[in-house]
file coords.cif (mmCIF, C-alpha atoms and all ligand atoms)
data_target
#
loop_
_atom_site.label_atom_id
_atom_site.label_comp_id
_atom_site.auth_asym_id
_atom_site.auth_seq_id
_atom_site.Cartn_x
_atom_site.Cartn_y
_atom_site.Cartn_z
CA MET O 24 163.25 73.21 8.86
CA ASN O 25 165.98 74.95 6.90
CA VAL O 26 167.79 72.21 5.01
CA GLY O 27 171.06 72.73 3.12
CA ILE O 28 172.08 70.02 0.67
CA ILE O 29 175.61 69.54 -0.66
CA GLY O 30 175.32 67.53 -3.85
CA SER O 31 172.51 67.82 -6.38
CA GLY O 32 172.83 64.46 -8.15
CA PHE O 33 170.64 61.37 -8.03
CA ILE O 34 170.21 61.43 -4.24
CA GLY O 35 170.79 65.10 -3.32
CA GLY O 36 168.58 66.35 -6.16
CA THR O 37 165.80 63.91 -5.30
CA LEU O 38 165.95 64.81 -1.59
CA ALA O 39 165.75 68.50 -2.56
CA ARG O 40 162.46 67.80 -4.35
CA LEU O 41 161.00 65.49 -1.69
CA LEU O 42 161.88 67.67 1.30
CA SER O 43 160.66 70.89 -0.28
CA THR O 44 157.42 69.10 -1.20
CA ALA O 45 157.13 68.22 2.50
CA GLY O 46 157.30 71.93 3.38
CA HIS O 47 160.95 72.40 4.28
CA THR O 48 163.03 75.33 3.06
CA VAL O 49 165.69 73.66 0.95
CA ARG O 50 168.89 75.15 -0.48
CA VAL O 51 170.80 72.83 -2.76
CA SER O 52 174.34 73.07 -4.14
CA ASN O 53 176.96 71.17 -6.11
CA SER O 54 180.67 71.57 -6.90
CA ARG O 55 180.35 73.54 -10.15
CA GLY O 56 177.92 76.27 -9.14
CA PRO O 57 174.14 76.82 -8.99
CA HIS O 58 173.77 77.57 -12.71
CA THR O 59 174.78 73.95 -13.50
CA ILE O 60 172.06 72.29 -11.39
CA ASP O 61 169.28 70.47 -13.29
CA PRO O 62 166.19 72.75 -13.17
CA ASP O 63 164.03 69.73 -12.28
CA VAL O 64 165.66 69.83 -8.83
CA PHE O 65 163.86 73.17 -8.22
CA SER O 66 160.47 71.97 -9.44
CA THR O 67 159.00 71.80 -5.92
CA GLY O 68 160.57 74.94 -4.47
CA ALA O 69 164.20 74.20 -3.60
CA ILE O 70 166.63 77.03 -4.35
CA ALA O 71 169.98 76.59 -6.13
CA VAL O 72 172.86 78.16 -4.22
CA THR O 73 176.61 77.83 -3.68
CA LYS O 74 177.70 75.31 -1.06
CA GLU O 75 178.64 78.17 1.29
CA GLU O 76 175.12 79.61 0.91
CA ALA O 77 173.57 76.18 1.53
CA LEU O 78 174.92 76.31 5.07
CA VAL O 79 173.59 79.78 5.99
CA GLY O 80 170.87 79.39 8.63
CA ALA O 81 170.68 75.62 8.03
CA ASP O 82 169.23 73.50 10.83
CA VAL O 83 170.30 70.43 8.90
CA VAL O 84 172.98 69.84 6.28
CA ILE O 85 172.76 66.77 4.05
CA LEU O 86 175.99 65.53 2.45
CA SER O 87 175.25 63.72 -0.80
CA ILE O 88 178.51 63.64 -2.71
CA PRO O 89 180.83 60.78 -3.76
CA PHE O 90 182.26 59.17 -0.63
CA VAL O 91 185.91 59.88 -1.50
CA ARG O 92 185.11 63.61 -1.88
CA ILE O 93 183.85 63.96 1.73
CA PRO O 94 187.24 65.19 3.04
CA ASP O 95 186.91 68.20 0.67
CA LEU O 96 184.08 69.49 2.92
CA LYS O 97 186.10 69.81 6.17
CA ALA O 98 186.81 73.55 5.88
CA LEU O 99 183.27 74.27 4.66
CA LEU O 100 181.63 72.54 7.66
CA GLU O 101 183.96 74.06 10.27
CA GLY O 102 181.84 77.22 10.56
CA LEU O 103 178.60 75.40 11.44
CA PRO O 104 177.27 75.65 15.03
CA GLU O 105 178.21 72.66 17.17
CA ASP O 106 174.62 71.40 17.39
CA SER O 107 173.95 71.46 13.64
CA VAL O 108 172.68 68.15 12.32
CA ILE O 109 174.80 66.80 9.45
CA ILE O 110 173.46 63.76 7.61
CA ASP O 111 175.68 61.60 5.42
CA THR O 112 174.07 59.64 2.57
CA SER O 113 177.30 58.21 1.18
CA ASN O 114 178.62 54.70 0.56
CA TYR O 115 182.17 53.45 0.17
CA ILE O 116 182.27 51.34 -2.97
CA PRO O 117 185.78 50.08 -3.74
CA ALA O 118 184.69 48.87 -7.19
CA ARG O 119 184.15 52.56 -7.99
CA ASP O 120 186.17 54.57 -5.41
CA ASP O 121 189.84 54.59 -4.39
CA ARG O 122 190.52 51.81 -1.87
CA LEU O 123 190.84 53.16 1.67
CA ASP O 124 192.89 51.09 4.12
CA ALA O 125 190.98 52.21 7.22
CA ILE O 126 187.70 50.98 5.80
CA GLU O 127 189.22 47.83 4.33
CA ASN O 128 190.42 47.15 7.91
CA GLY O 129 186.88 47.42 9.28
CA GLN O 130 186.20 51.08 10.09
CA PRO O 131 182.54 51.89 9.28
CA ASP O 132 182.15 54.23 6.29
CA SER O 133 180.46 57.01 8.23
CA VAL O 134 182.91 56.86 11.14
CA TRP O 135 185.66 57.49 8.57
CA ALA O 136 183.60 60.30 7.01
CA SER O 137 182.96 61.86 10.44
CA GLU O 138 186.68 61.79 11.23
CA GLN O 139 187.50 63.40 7.87
CA VAL O 140 185.21 66.39 8.45
CA GLY O 141 185.80 66.55 12.22
CA ARG O 142 182.06 66.60 12.96
CA PRO O 143 179.44 64.20 14.37
CA LEU O 144 177.37 62.76 11.52
CA ALA O 145 174.08 60.92 11.24
CA LYS O 146 173.72 58.34 8.45
CA ALA O 147 170.51 57.97 6.42
CA TRP O 148 169.15 57.30 2.92
CA ASN O 149 172.36 55.43 2.04
CA THR O 150 170.41 52.16 1.66
CA ILE O 151 167.83 53.36 -0.82
CA TYR O 152 168.45 53.27 -4.55
CA SER O 153 167.91 56.66 -6.20
CA ALA O 154 165.05 55.43 -8.39
CA SER O 155 163.33 53.97 -5.30
CA LEU O 156 163.82 57.26 -3.45
CA ASN O 157 162.34 59.08 -6.42
CA GLU O 158 159.30 56.92 -7.05
CA ALA O 159 158.57 54.61 -4.11
CA GLY O 160 157.75 56.95 -1.22
CA ARG O 161 154.36 56.25 0.41
CA PRO O 162 152.27 57.85 3.16
CA ALA O 163 152.86 56.85 6.79
CA GLY O 164 150.84 53.78 7.71
CA ASP O 165 150.98 52.19 4.25
CA PRO O 166 151.94 48.52 4.86
CA GLU O 167 154.25 48.53 1.82
CA ARG O 168 156.15 51.64 2.88
CA ILE O 169 159.91 51.06 2.56
CA ALA O 170 161.99 51.53 5.71
CA VAL O 171 165.24 53.46 5.91
CA PRO O 172 167.74 52.81 8.74
CA VAL O 173 169.16 55.82 10.59
CA ALA O 174 172.42 55.72 12.56
CA ALA O 175 173.39 58.53 14.93
CA ASP O 176 175.28 59.07 18.16
CA ARG O 177 173.49 62.18 19.47
CA ASP O 178 169.79 62.23 20.41
CA HIS O 179 169.11 65.46 18.53
CA ASP O 180 170.74 64.10 15.37
CA ARG O 181 168.66 60.93 15.63
CA VAL O 182 165.34 62.70 16.20
CA VAL O 183 165.81 65.26 13.41
CA THR O 184 167.14 62.74 10.90
CA MET O 185 164.30 60.30 11.54
CA ALA O 186 161.73 63.10 11.11
CA LEU O 187 163.24 64.05 7.74
CA VAL O 188 163.31 60.42 6.57
CA GLU O 189 159.59 60.17 7.41
CA ASP O 190 158.93 63.43 5.57
CA SER O 191 160.68 62.03 2.49
CA GLY O 192 158.10 59.20 2.28
CA PHE O 193 159.81 56.33 4.12
CA ASP O 194 159.60 54.70 7.55
CA ALA O 195 162.56 55.70 9.71
CA TYR O 196 164.14 53.02 11.93
CA TYR O 197 166.86 53.78 14.47
CA ALA O 198 169.63 51.29 13.70
CA GLY O 199 172.09 52.34 16.43
CA SER O 200 175.29 54.33 16.76
CA LEU O 201 177.58 55.34 13.93
CA ALA O 202 179.98 52.59 15.07
CA GLU O 203 177.21 50.08 14.32
CA SER O 204 176.34 51.61 10.94
CA TRP O 205 178.35 48.96 9.06
CA LYS O 206 175.11 46.94 9.33
CA GLN O 207 173.51 49.27 6.77
CA GLN O 208 176.48 49.59 4.41
CA CYS O 209 176.62 48.47 0.81
CA GLY O 210 176.48 44.66 0.62
CA THR O 211 174.33 44.11 3.72
CA PRO O 212 170.81 42.60 3.63
CA CYS O 213 169.01 45.97 3.94
CA TYR O 214 170.99 47.62 1.13
CA CYS O 215 168.79 48.53 -1.88
CA THR O 216 166.46 45.64 -1.06
CA GLU O 217 163.43 47.80 -0.18
CA VAL O 218 162.75 46.16 3.19
CA THR O 219 159.74 47.26 5.24
CA LEU O 220 159.75 48.31 8.89
CA GLU O 221 158.67 44.79 9.83
CA SER O 222 161.69 43.11 8.20
CA LEU O 223 164.39 45.77 8.69
CA PRO O 224 165.42 44.75 12.27
CA GLN O 225 166.10 41.17 11.11
CA ALA O 226 167.96 42.42 8.03
CA LEU O 227 170.24 44.50 10.29
CA ALA O 228 170.72 41.56 12.67
CA ASP O 229 171.69 39.32 9.73
CA ALA O 230 174.44 41.70 8.54
CA ASP O 231 177.93 40.21 8.40
CA LEU O 232 180.76 42.58 7.50
CA ALA O 233 183.07 40.06 5.84
CA ARG O 234 180.25 38.59 3.75
CA SER O 235 178.94 42.04 2.82
CA ARG O 236 182.32 42.87 1.26
CA LYS O 237 182.27 39.68 -0.81
CA ARG O 238 178.66 40.27 -1.83
CA GLN O 239 179.41 43.86 -2.82
CA ASP O 240 182.20 42.60 -5.11
CA LEU O 241 179.81 40.02 -6.58
CA PHE O 242 177.18 42.68 -7.23
CA PHE O 243 179.62 44.96 -9.04
CA SER O 244 181.02 42.10 -11.11
CA VAL O 245 177.51 41.52 -12.46
CA TYR O 246 176.74 45.24 -12.74
CA ASN O 247 179.97 46.11 -14.56
CA GLU O 248 179.59 43.18 -16.96
CA ARG O 249 176.14 44.53 -17.88
CA PHE O 250 176.72 48.28 -17.88
CA GLY O 251 180.48 48.88 -17.82
CA ASN O 252 182.16 51.00 -15.18
CA VAL O 253 180.40 54.21 -16.18
CA GLY O 254 177.95 56.54 -14.51
CA THR O 255 174.66 54.99 -15.51
CA ASN O 256 171.44 54.62 -13.57
CA PRO O 257 169.71 51.27 -14.27
CA SER O 258 166.04 50.75 -13.54
CA ARG O 259 164.73 50.34 -10.01
CA ASN O 260 163.61 46.81 -10.83
CA TYR O 261 167.08 45.74 -12.03
CA ILE O 262 168.93 47.10 -8.97
CA VAL O 263 166.41 45.92 -6.39
CA GLN O 264 166.10 42.41 -7.86
CA LEU O 265 169.88 41.99 -8.13
CA SER O 266 170.37 43.36 -4.61
CA LYS O 267 167.76 40.98 -3.18
CA LEU O 268 169.44 38.06 -4.93
CA ILE O 269 172.96 38.87 -3.72
CA TYR O 270 172.60 40.79 -0.45
CA ALA O 271 169.43 39.52 1.21
N1 LIG A 301 172.77 56.81 -6.61
C1 LIG A 301 172.20 56.05 -5.67
O1 LIG A 301 171.30 55.25 -5.93
C2 LIG A 301 172.66 56.17 -4.23
C3 LIG A 301 171.89 55.55 -3.24
C4 LIG A 301 172.23 55.73 -1.90
C5 LIG A 301 173.35 56.47 -1.56
N2 LIG A 301 174.12 57.03 -2.56
C6 LIG A 301 175.29 57.80 -2.14
O2 LIG A 301 174.92 59.18 -2.12
C7 LIG A 301 176.02 59.97 -2.56
C8 LIG A 301 175.58 60.76 -3.79
O3 LIG A 301 175.26 59.83 -4.81
P1 LIG A 301 174.60 60.31 -6.19
O4 LIG A 301 174.27 59.06 -6.93
O5 LIG A 301 173.56 61.32 -5.93
O6 LIG A 301 175.86 61.01 -6.89
P2 LIG A 301 175.89 61.90 -8.19
O7 LIG A 301 174.61 61.78 -8.95
O8 LIG A 301 177.17 61.60 -8.88
O9 LIG A 301 175.97 63.40 -7.61
C9 LIG A 301 177.06 63.82 -6.86
C10 LIG A 301 176.89 65.27 -6.51
O10 LIG A 301 177.95 65.65 -5.64
C11 LIG A 301 178.47 66.90 -6.08
N3 LIG A 301 179.83 67.04 -5.59
C12 LIG A 301 180.90 66.24 -5.83
N4 LIG A 301 181.99 66.69 -5.17
C13 LIG A 301 181.58 67.79 -4.50
C14 LIG A 301 182.25 68.71 -3.65
N5 LIG A 301 183.54 68.57 -3.33
N6 LIG A 301 181.52 69.75 -3.15
C15 LIG A 301 180.21 69.90 -3.46
N7 LIG A 301 179.53 69.06 -4.26
C16 LIG A 301 180.21 68.02 -4.77
C17 LIG A 301 178.34 66.84 -7.57
O11 LIG A 301 178.42 68.14 -8.10
P3 LIG A 301 179.06 68.39 -9.57
O12 LIG A 301 178.22 67.56 -10.51
O13 LIG A 301 178.91 69.85 -9.76
O14 LIG A 301 180.47 67.92 -9.47
C18 LIG A 301 176.95 66.21 -7.72
O15 LIG A 301 175.94 67.20 -7.61
C19 LIG A 301 177.18 59.00 -2.87
O16 LIG A 301 178.04 58.96 -1.76
C20 LIG A 301 176.48 57.67 -3.08
O17 LIG A 301 177.31 56.59 -2.71
C21 LIG A 301 173.78 56.92 -3.88
#

call {"tool": "encode", "arguments": {"input": "coords.cif", "output": "structure tokens", "more": "lines below"}}
Ligand SMILES: NC(=O)c1ccc[n+]([C@@H]2O[C@H](COP(=O)([O-])OP(=O)(O)OC[C@H]3O[C@@H](n4cnc5c(N)ncnc54)[C@H](OP(=O)(O)O)[C@@H]3O)[C@@H](O)[C@H]2O)c1
result
Amino acid sequence: MNVGIIGSGFIGGTLARLLSTAGHTVRVSNSRGPHTIDPDVFSTGAIAVTKEEALVGADVVILSIPFVRIPDLKALLEGLPEDSVIIDTSNYIPARDDRLDAIENGQPDSVWASEQVGRPLAKAWNTIYSASLNEAGRPAGDPERIAVPVAADRDHDRVVTMALVEDSGFDAYYAGSLAESWKQQCGTPCYCTEVTLESLPQALADADLARSRKRQDLFFSVYNERFGNVGTNPSRNYIVQLSKLIYA
């Protein structure tokens, strides 16, 4: 598939490497221009482009930018064909982002994001910590393979997104519509806890929106006390253990 990625950071850059390794043609972009992208992102064949170029001929566009920046992409995405698959990896994190009333009042993150860009979205890879995405992929059939929930409203979006999740080294599990995707948001039992396909359905069933908000605040209290409110990337072990303790 031709995959365009908007965002070349921890998640977008890692997906660029994993999906080009899997044989996809990947074009990856950021906000400052292709010359600013870390060369490691191209180590398996992805090409650095502008965000406009990332969309040319793309079967799939992956949005991997800070949640509050999603509305910036509305004009960019308007030119895509109606049946293009657009996958959102983002998470609303009020400890880090501006507070958004609609989401505080219960609107799922990706429903808000979809409304902002005026396009149907699928949601995937939002539950996996970047270090896990980078180092924990396993072949299909491995009993310890981590599972990634996928939310989508359209069949084609669901099928394509699940295939790409599998190609990235993780079991894909259809978690329901975008309206139900609050069950895989930050603070829920499947968030950064590296659940397998066997335990993911129960983790989704155990999700509780009000408690997930409280647990998210708890997590970031601990995180910010340890690291400060700065862009750092702690080890996989630290994030997964803390997430299991607080969210699971
Ligand atoms: N980090 C994780 O473990 C993790 C896990 C799951 C989901 N997520 C979610 O995935 C998304 C990306 O996270 P990340 O950690 O990869 O972020 P990141 O490392 O900060 O990277 C963000 C990327 O977005 C680009 N960007 C920002 N605004 C843009 C715009 N208007 N147009 C085009 N590109 C833009 C940045 O480009 P410039 O640098 O040029 O500005 C950068 O390449 C977030 O929504 C996050 O919540 C993160």

call {"tool": "residues_near_point", "arguments": {"input": "coords.cif", "point": "(156.2, 62.8, 2.4)", "cutoff": "8 Å", "atoms": "only C-alpha atoms", "output": "PDB file with C-alpha atoms, keeping the file's coordinate frame"}}
result
ATOM      1  CA  LEU O  41     161.000  65.490  -1.690  1.00  0.00           C
ATOM      2  CA  LEU O  42     161.880  67.670   1.300  1.00  0.00           C
ATOM      3  CA  THR O  44     157.420  69.100  -1.200  1.00  0.00           C
ATOM      4  CA  ALA O  45     157.130  68.220   2.500  1.00  0.00           C
ATOM      5  CA  GLY O 160     157.750  56.950  -1.220  1.00  0.00           C
ATOM      6  CA  ARG O 161     154.360  56.250   0.410  1.00  0.00           C
ATOM      7  CA  PRO O 162     152.270  57.850   3.160  1.00  0.00           C
ATOM      8  CA  GLU O 189     159.590  60.170   7.410  1.00  0.00           C
ATOM      9  CA  ASP O 190     158.930  63.430   5.570  1.00  0.00           C
ATOM     10  CA  SER O 191     160.680  62.030   2.490  1.00  0.00           C
ATOM     11  CA  GLY O 192     158.100  59.200   2.280  1.00  0.00           C
ATOM     12  CA  PHE O 193     159.810  56.330   4.120  1.00  0.00           C
TER      13      PHE O 193
END

call {"tool": "residues_near_ligand", "arguments": {"input": "coords.cif", "ligand": "ligand LIG 301 (chain A)", "cutoff": "7 Å", "atoms": "all atoms listed in the file", "output": "ChimeraX atom specification"}}
result
/O:29-35,52-56,59,74,87-90,92-93,95-96,112-115,148-154

call {"tool": "atom_distance", "arguments": {"input": "coords.cif", "atom1": "CA of Val49 (chain O)", "atom2": "CA of Gly27 (chain O)"}}
result
5.9 Å

call {"tool": "atom_distance", "arguments": {"input": "coords.cif", "atom1": "CA of Lys267 (chain O)", "atom2": "CA of Cys209 (chain O)"}}
result
12.3 Å

call {"tool": "closest_residue", "arguments": {"input": "coords.cif", "among": "O:Ser200, O:Gln130, O:Gln225, O:Ser235", "to": "Asp178 (chain O)", "atoms": "only C-alpha atoms"}}
result
O:Ser200

call {"tool": "closest_residue", "arguments": {"input": "coords.cif", "among": "O:Ser155, O:Ala81, O:Gly36, O:His47", "to": "Ser66 (chain O)", "atoms": "only C-alpha atoms"}}
result
O:Gly36

call {"tool": "residues_around", "arguments": {"input": "coords.cif", "residues": "Ala98 (chain O)", "least_positions_apart": "3", "cutoff": "12 Å", "atoms": "all atoms listed in the file", "output": "count of residues only"}}
result
12

call {"tool": "closest_residue", "arguments": {"input": "coords.cif", "among": "O:Val91, O:Ile169, O:Val134, O:Met185", "to": "Arg119 (chain O)", "atoms": "only C-alpha atoms"}}
result
O:Val91

call {"tool": "closest_residue", "arguments": {"input": "coords.cif", "among": "O:Val263, O:Ala186, O:Leu232, O:Ala174", "to": "Cys215 (chain O)", "atoms": "only C-alpha atoms"}}
result
O:Val263

call {"tool": "residues_around", "arguments": {"input": "coords.cif", "residues": "Gly199 (chain O)", "least_positions_apart": "5", "cutoff": "12 Å", "atoms": "all atoms listed in the file", "output": "count of residues only"}}
result
19
